[in-house]
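Notes follow once the structure below has been shown.
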Amino acid sequence: EKKEEEKEEVEKKVETEDESKGEPKGEGGKTSSDYYWHSYAHFGIHEEMLKDEIRTRSYRNAILGNKHLIKDKVVLDVGCGTAILSMFAAQAGAKKVYAIDCSDIIKKAREIVKVNGFADVVELIQGKVEEIDLPVDKVDVIVSEWMGYFLVYENMLESVLFARDKWLADDGILLPDKAYLKICAIEDGNYKDQKINWWENVWGFNMSCIKETAIQEPLVDVVDGNAVVTDVCNIYEIDCATIKKEDLAFTAKFKINCKRNDYVHAFVAFFDIVFEKCHKPVWFSTGPFAEYTHWKQTVFYLEDVLMVTDGDVITGEIDVKPNQKNPRDMDIALGYKFEGKYKEHDAKQNYFLR
């Protein structure tokens, strides 16, 4: 269910060290970043994102519905992909749009921009944001679709912050500018059996050693809103105008209240995105009660099963930090406490979002 399914080589084992960049190298001498950019050269990922109507329509509404923010302005599109956001900005009257992407999809983006008549406005630059030079000292607007699964997976926001600090004018804006990561708990016994417990008996063989690994990898999938057992708690807020690189690793406490008698098999994380600078704020949610997006939701299965009753409280703490070998991956520690009517739980599990 993950983007990695279309990233053929991202999961290659790291074996050596690239002394020039300090990045780990895998087969063929490629770094983790090389695999990342290579994966985004495949059109399938872009097809999935462009067909995500909630995502694409929200960006279009924020840009074309607020032309006063874009008209006669210099716009920077970080991670432009097929240049869809750059062309929205051109339609909105931008004076100039600089579109940056490191992957080879930018070669197709140049063709797309030209055939749609925006070649005079949109200038495409291939390279890493941290390494390229712009023909201007400052830009008025930065637009980017930087969000990954679990909001921060792939760590693209770091590149947006670099661009902000280097090029954004003092009175400039970012689109979007706010993000909220949230958590709740679900009943999901049947699917947990299919994805996790199934390894206990595979065609008559015990493969439980894989189960131990499988439960550490969060599942990115669609969660039915009817499966949600608790209310929702905000655990992390991003203000793109002020957040710093060091804030991308975070620890947050949470408290969620059970809404019915049921069982809890997993925590679920999702996020909301807001374009607050718009005349009328534009926002969308990737949660289980919202319409489908390609981000789906991120499911953290528990080793225990919690038997909860209406009014029970689950408290916890989540620690999120980029992986040391590949900063685009995330290491997540999730601890929780629950004093139920029938049993108490106090546990901590480690997860690895790869």
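All residue names refer to the structure tokens as shown: chains lettered A, B, ... in order, residues numbered from 1 in each chain, ligands numbered from 1 in order.
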
Could you give me, as a Markdown table, every stretch 225-302 of chain A residue with an atom at most 10 Å from stretch 323-340 of chain A, plus its closest atom pair and distance in Å to one decimal, counting only C-alpha atoms, rows ordered by chain then number?
| residue | atom | partner | partner_atom | distance |
| --- | --- | --- | --- | --- |
| A:Ala249 | CA | A:Met330 | CA | 9.3 |
| A:Phe250 | CA | A:Ile332 | CA | 9.9 |
| A:Thr251 | CA | A:Ala333 | CA | 9.2 |
| A:Ala252 | CA | A:Leu334 | CA | 9.8 |
| A:Lys253 | CA | A:Gly335 | CA | 9.3 |
| A:Phe254 | CA | A:Tyr336 | CA | 8.9 |
| A:Lys255 | CA | A:Tyr336 | CA | 9.4 |
| A:Phe267 | CA | A:Leu334 | CA | 9.4 |
| A:Phe300 | CA | A:Leu334 | CA | 8.8 |
| A:Leu302 | CA | A:Leu334 | CA | 9.7 |

Write the residues of the selection above to a file with N, CA and C atoms, as an mmCIF file, in the first residue's frame.
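Final file, selection24.cif:
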data_model
loop_
_atom_site.group_PDB
_atom_site.id
_atom_site.type_symbol
_atom_site.label_atom_id
_atom_site.label_comp_id
_atom_site.auth_asym_id
_atom_site.auth_seq_id
_atom_site.Cartn_x
_atom_site.Cartn_y
_atom_site.Cartn_z
ATOM 1 N N ALA A 249 12.046 16.610 14.353
ATOM 2 C CA ALA A 249 12.075 15.496 15.298
ATOM 3 C C ALA A 249 11.326 15.973 16.534
ATOM 4 N N PHE A 250 10.336 15.202 16.971
ATOM 5 C CA PHE A 250 9.493 15.715 18.049
ATOM 6 C C PHE A 250 8.999 14.597 18.963
ATOM 7 N N THR A 251 8.629 15.004 20.160
ATOM 8 C CA THR A 251 7.985 14.127 21.134
ATOM 9 C C THR A 251 6.703 14.802 21.582
ATOM 10 N N ALA A 252 5.609 14.054 21.630
ATOM 11 C CA ALA A 252 4.316 14.641 22.001
ATOM 12 C C ALA A 252 3.522 13.665 22.859
ATOM 13 N N LYS A 253 2.829 14.208 23.836
ATOM 14 C CA LYS A 253 1.925 13.419 24.656
ATOM 15 C C LYS A 253 0.529 13.481 24.048
ATOM 16 N N PHE A 254 -0.263 12.439 24.294
ATOM 17 C CA PHE A 254 -1.634 12.456 23.802
ATOM 18 C C PHE A 254 -2.575 11.810 24.814
ATOM 19 N N LYS A 255 -3.834 12.179 24.701
ATOM 20 C CA LYS A 255 -4.889 11.645 25.555
ATOM 21 C C LYS A 255 -6.140 11.500 24.704
ATOM 22 N N PHE A 267 -3.422 2.110 16.957
ATOM 23 C CA PHE A 267 -3.545 3.568 16.861
ATOM 24 C C PHE A 267 -3.478 3.938 15.382
ATOM 25 N N PHE A 300 -0.780 1.829 13.392
ATOM 26 C CA PHE A 300 0.233 1.259 14.283
ATOM 27 C C PHE A 300 -0.422 0.148 15.104
ATOM 28 N N LEU A 302 -0.954 -2.779 17.762
ATOM 29 C CA LEU A 302 -0.466 -3.027 19.116
ATOM 30 C C LEU A 302 -0.240 -4.516 19.330
#

Report the closest atom pair, with its distance in Å rounded to one decimal, for each residue of stretch 207-249 of chain A that has an atom no farther than 12 Å from stretch 140-157 of chain A; count only C-alpha atoms, sort by chain and then rising residue number, and write it as CSV.
residue,atom,partner,partner_atom,distance
A:Pro218,CA,A:Phe150,CA,9.6
A:Leu219,CA,A:Tyr149,CA,10.1
A:Val220,CA,A:Tyr149,CA,7.5
A:Asp221,CA,A:Tyr149,CA,10.2
A:Ile235,CA,A:Phe150,CA,11.6
A:Tyr236,CA,A:Leu151,CA,9.8
A:Glu237,CA,A:Leu151,CA,10.4
A:Ile238,CA,A:Leu151,CA,9.9
A:Asp239,CA,A:Leu157,CA,11.2
A:Cys240,CA,A:Leu157,CA,8.6
A:Ala241,CA,A:Ile142,CA,10.6
A:Ile243,CA,A:Leu157,CA,10.0
A:Lys244,CA,A:Leu157,CA,10.0
A:Lys245,CA,A:Leu157,CA,8.6
A:Glu246,CA,A:Leu157,CA,11.6
A:Asp247,CA,A:Leu157,CA,11.1
A:Leu248,CA,A:Val152,CA,7.7
A:Ala249,CA,A:Val152,CA,9.4

File of the preceding selection, N, CA, C and O atoms, as a tab-separated table (two decimals), in the first residue's frame:
chain	number	residue	atom	x	y	z
A	218	PRO	N	4.54	0.30	10.36
A	218	PRO	CA	3.18	0.83	10.27
A	218	PRO	C	2.56	0.53	8.90
A	218	PRO	O	3.25	0.52	7.88
A	219	LEU	N	1.28	0.27	8.91
A	219	LEU	CA	0.56	-0.05	7.68
A	219	LEU	C	-0.11	1.21	7.16
A	219	LEU	O	-0.85	1.89	7.88
A	220	VAL	N	0.14	1.54	5.90
A	220	VAL	CA	-0.52	2.67	5.26
A	220	VAL	C	-1.70	2.12	4.47
A	220	VAL	O	-1.51	1.40	3.48
A	221	ASP	N	-2.90	2.43	4.93
A	221	ASP	CA	-4.08	1.86	4.31
A	221	ASP	C	-5.30	2.71	4.64
A	221	ASP	O	-5.21	3.65	5.45
A	235	ILE	N	-1.37	15.85	17.88
A	235	ILE	CA	-0.08	15.53	18.50
A	235	ILE	C	1.07	16.37	17.95
A	235	ILE	O	2.15	16.37	18.53
A	236	TYR	N	0.84	17.07	16.84
A	236	TYR	CA	1.95	17.81	16.24
A	236	TYR	C	1.39	18.87	15.31
A	236	TYR	O	0.50	18.59	14.51
A	237	GLU	N	1.90	20.08	15.43
A	237	GLU	CA	1.45	21.17	14.58
A	237	GLU	C	2.65	21.78	13.86
A	237	GLU	O	3.70	22.00	14.45
A	238	ILE	N	2.47	22.02	12.58
A	238	ILE	CA	3.52	22.64	11.78
A	238	ILE	C	3.03	23.99	11.27
A	238	ILE	O	1.99	24.08	10.62
A	239	ASP	N	3.77	25.04	11.60
A	239	ASP	CA	3.57	26.35	11.00
A	239	ASP	C	4.75	26.55	10.06
A	239	ASP	O	5.87	26.77	10.50
A	240	CYS	N	4.49	26.46	8.78
A	240	CYS	CA	5.59	26.47	7.80
A	240	CYS	C	6.38	27.78	7.82
A	240	CYS	O	7.54	27.81	7.38
A	241	ALA	N	5.79	28.83	8.35
A	241	ALA	CA	6.48	30.12	8.38
A	241	ALA	C	7.52	30.20	9.49
A	241	ALA	O	8.48	30.96	9.40
A	243	ILE	N	8.51	27.11	11.69
A	243	ILE	CA	9.13	25.86	12.14
A	243	ILE	C	10.58	25.80	11.68
A	243	ILE	O	10.95	26.29	10.62
A	244	LYS	N	11.42	25.17	12.51
A	244	LYS	CA	12.83	25.02	12.20
A	244	LYS	C	13.15	23.55	11.91
A	244	LYS	O	12.41	22.65	12.30
A	245	LYS	N	14.27	23.33	11.26
A	245	LYS	CA	14.68	21.99	10.88
A	245	LYS	C	14.73	21.06	12.09
A	245	LYS	O	14.28	19.91	12.03
A	246	GLU	N	15.24	21.56	13.21
A	246	GLU	CA	15.37	20.72	14.39
A	246	GLU	C	14.03	20.34	15.01
A	246	GLU	O	13.94	19.42	15.82
A	247	ASP	N	12.97	21.07	14.64
A	247	ASP	CA	11.64	20.76	15.16
A	247	ASP	C	11.00	19.57	14.46
A	247	ASP	O	9.93	19.09	14.88
A	248	LEU	N	11.62	19.09	13.38
A	248	LEU	CA	11.03	17.99	12.62
A	248	LEU	C	11.18	16.66	13.35
A	248	LEU	O	10.52	15.68	13.00
A	249	ALA	N	12.05	16.61	14.35
A	249	ALA	CA	12.08	15.50	15.30
A	249	ALA	C	11.33	15.97	16.53
A	249	ALA	O	11.61	17.03	17.07

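With only C-alpha atoms as the atoms that count, the residue of A:Ile318, A:Ile215, A:Leu64, A:Val268 with the shortest distance to A:Gln297 is A:Val268.
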
Subject >> Residues flagged strand (DSSP E or B) by DSSP in stretch 114-217 of chain A, as a PyMOL selection string >> reply: chain A and resi 122-126+139-144+148+151+168-175+178-186+202+205

Store the residues picked out above in a file with N, CA, C and O atoms, as a compact mmCIF listing (two decimals), in the first residue's frame.
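Saved as selection_22.txt:
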# COMPACT_ATOMS: atom_id res chain seq x y z
N VAL A 122 6.94 29.79 -16.75
CA VAL A 122 7.45 28.74 -15.87
C VAL A 122 8.84 28.31 -16.34
O VAL A 122 9.01 27.85 -17.47
N GLU A 123 9.81 28.47 -15.47
CA GLU A 123 11.19 28.02 -15.75
C GLU A 123 11.50 26.84 -14.86
O GLU A 123 11.42 26.93 -13.63
N LEU A 124 11.85 25.71 -15.47
CA LEU A 124 12.11 24.49 -14.73
C LEU A 124 13.60 24.29 -14.52
O LEU A 124 14.39 24.44 -15.44
N ILE A 125 13.97 23.95 -13.29
CA ILE A 125 15.37 23.79 -12.90
C ILE A 125 15.54 22.43 -12.26
O ILE A 125 14.89 22.11 -11.26
N GLN A 126 16.40 21.59 -12.84
CA GLN A 126 16.64 20.27 -12.26
C GLN A 126 17.81 20.32 -11.29
O GLN A 126 18.88 20.84 -11.59
N VAL A 139 11.86 35.40 -3.64
CA VAL A 139 10.57 35.04 -4.24
C VAL A 139 9.47 35.49 -3.29
O VAL A 139 9.68 35.67 -2.08
N ASP A 140 8.28 35.67 -3.85
CA ASP A 140 7.15 36.15 -3.05
C ASP A 140 6.31 35.02 -2.47
O ASP A 140 5.70 35.17 -1.41
N VAL A 141 6.30 33.89 -3.18
CA VAL A 141 5.46 32.77 -2.78
C VAL A 141 6.23 31.47 -2.97
O VAL A 141 6.90 31.28 -3.99
N ILE A 142 6.14 30.59 -1.98
CA ILE A 142 6.63 29.22 -2.13
C ILE A 142 5.45 28.28 -2.06
O ILE A 142 4.68 28.31 -1.09
N VAL A 143 5.28 27.46 -3.09
CA VAL A 143 4.23 26.46 -3.09
C VAL A 143 4.90 25.09 -3.18
O VAL A 143 5.89 24.91 -3.89
N SER A 144 4.38 24.15 -2.44
CA SER A 144 4.98 22.82 -2.45
C SER A 144 3.99 21.80 -1.90
O SER A 144 3.23 22.10 -0.97
N GLY A 148 4.27 13.73 3.30
CA GLY A 148 4.40 12.30 3.05
C GLY A 148 3.43 11.53 3.92
O GLY A 148 2.63 12.12 4.66
N LEU A 151 2.49 12.42 7.51
CA LEU A 151 2.84 13.82 7.35
C LEU A 151 4.32 14.05 7.05
O LEU A 151 4.68 14.72 6.09
N LEU A 168 12.73 33.25 0.43
CA LEU A 168 11.42 33.87 0.64
C LEU A 168 11.56 35.29 1.18
O LEU A 168 12.27 35.54 2.16
N ALA A 169 10.87 36.23 0.53
CA ALA A 169 10.88 37.62 0.97
C ALA A 169 10.28 37.74 2.36
O ALA A 169 9.52 36.88 2.81
N ASP A 170 10.61 38.82 3.04
CA ASP A 170 10.15 39.02 4.41
C ASP A 170 8.63 39.00 4.52
O ASP A 170 8.07 38.53 5.51
N ASP A 171 7.95 39.51 3.50
CA ASP A 171 6.49 39.52 3.50
C ASP A 171 5.92 38.40 2.61
O ASP A 171 4.76 38.43 2.22
N GLY A 172 6.77 37.41 2.29
CA GLY A 172 6.34 36.31 1.44
C GLY A 172 5.46 35.31 2.17
O GLY A 172 5.34 35.33 3.40
N ILE A 173 4.83 34.42 1.40
CA ILE A 173 3.93 33.43 1.98
C ILE A 173 4.28 32.04 1.47
O ILE A 173 4.91 31.88 0.42
N LEU A 174 3.84 31.04 2.24
CA LEU A 174 3.98 29.64 1.85
C LEU A 174 2.59 29.03 1.69
O LEU A 174 1.69 29.30 2.49
N LEU A 175 2.43 28.20 0.66
CA LEU A 175 1.18 27.50 0.41
C LEU A 175 1.47 26.01 0.27
O LEU A 175 2.22 25.62 -0.63
N LYS A 178 -0.03 25.57 7.14
CA LYS A 178 -0.27 24.89 8.42
C LYS A 178 -0.56 23.40 8.19
O LYS A 178 -1.16 23.02 7.18
N ALA A 179 -0.12 22.58 9.13
CA ALA A 179 -0.40 21.15 9.09
C ALA A 179 -0.57 20.64 10.51
O ALA A 179 0.10 21.11 11.43
N TYR A 180 -1.49 19.68 10.67
CA TYR A 180 -1.79 19.14 12.00
C TYR A 180 -1.80 17.62 11.93
O TYR A 180 -2.57 17.03 11.17
N LEU A 181 -0.93 16.98 12.71
CA LEU A 181 -0.88 15.53 12.79
C LEU A 181 -1.74 15.08 13.96
O LEU A 181 -1.65 15.64 15.07
N LYS A 182 -2.57 14.05 13.75
CA LYS A 182 -3.55 13.64 14.76
C LYS A 182 -3.49 12.14 14.98
O LYS A 182 -2.97 11.39 14.15
N ILE A 183 -4.08 11.71 16.11
CA ILE A 183 -4.07 10.29 16.44
C ILE A 183 -5.41 9.89 17.06
O ILE A 183 -6.08 10.70 17.72
N CYS A 184 -5.81 8.65 16.80
CA CYS A 184 -6.99 8.06 17.43
C CYS A 184 -6.74 6.56 17.53
O CYS A 184 -5.65 6.07 17.17
N ALA A 185 -7.71 5.80 18.03
CA ALA A 185 -7.56 4.35 18.17
C ALA A 185 -8.73 3.66 17.48
O ALA A 185 -9.84 4.18 17.40
N ILE A 186 -8.45 2.44 16.98
CA ILE A 186 -9.46 1.72 16.21
C ILE A 186 -9.60 0.27 16.66
O ILE A 186 -8.67 -0.33 17.22
N VAL A 202 1.46 -20.31 8.33
CA VAL A 202 1.46 -20.09 6.89
C VAL A 202 1.56 -21.44 6.19
O VAL A 202 2.62 -22.06 6.18
N PHE A 205 3.08 -23.83 8.43
CA PHE A 205 4.42 -23.54 8.94
C PHE A 205 4.39 -22.31 9.86
O PHE A 205 3.66 -21.36 9.61

Subject >> Near-A:His294 list (7 Å; only C-alpha atoms; drop same-chain fewer than 2 positions) as an NGL selection string >> reply: :A and (48-49 or 52 or 292 or 296)

**OP:** as an MDAnalysis selection string, please: all residues of stretch 9-255 of chain A that backbone DSSP puts in alpha helix (DSSP H).
**Re:** chainID A and resid 32:39 43:50 53:64 84:91 105:115 157:167 189:195 208:214

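Shortest separation to A:Phe270 among A:Val282, A:Val223, A:Leu134, A:Ile54 occurs at residue A:Val223, atoms counted being only C-alpha atoms.
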
Original post:
Between A:Ile132, A:Thr298, A:His345, A:Asn61, which one has atoms that come closest to A:Thr315, using only C-alpha atoms?
Top reply: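 The shortest atom-to-atom distance to A:Thr315 comes from A:His345.
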
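From atom CA of A:Lys277 back to atom CA of A:Ala119, the distance works out to 27.5 Å.
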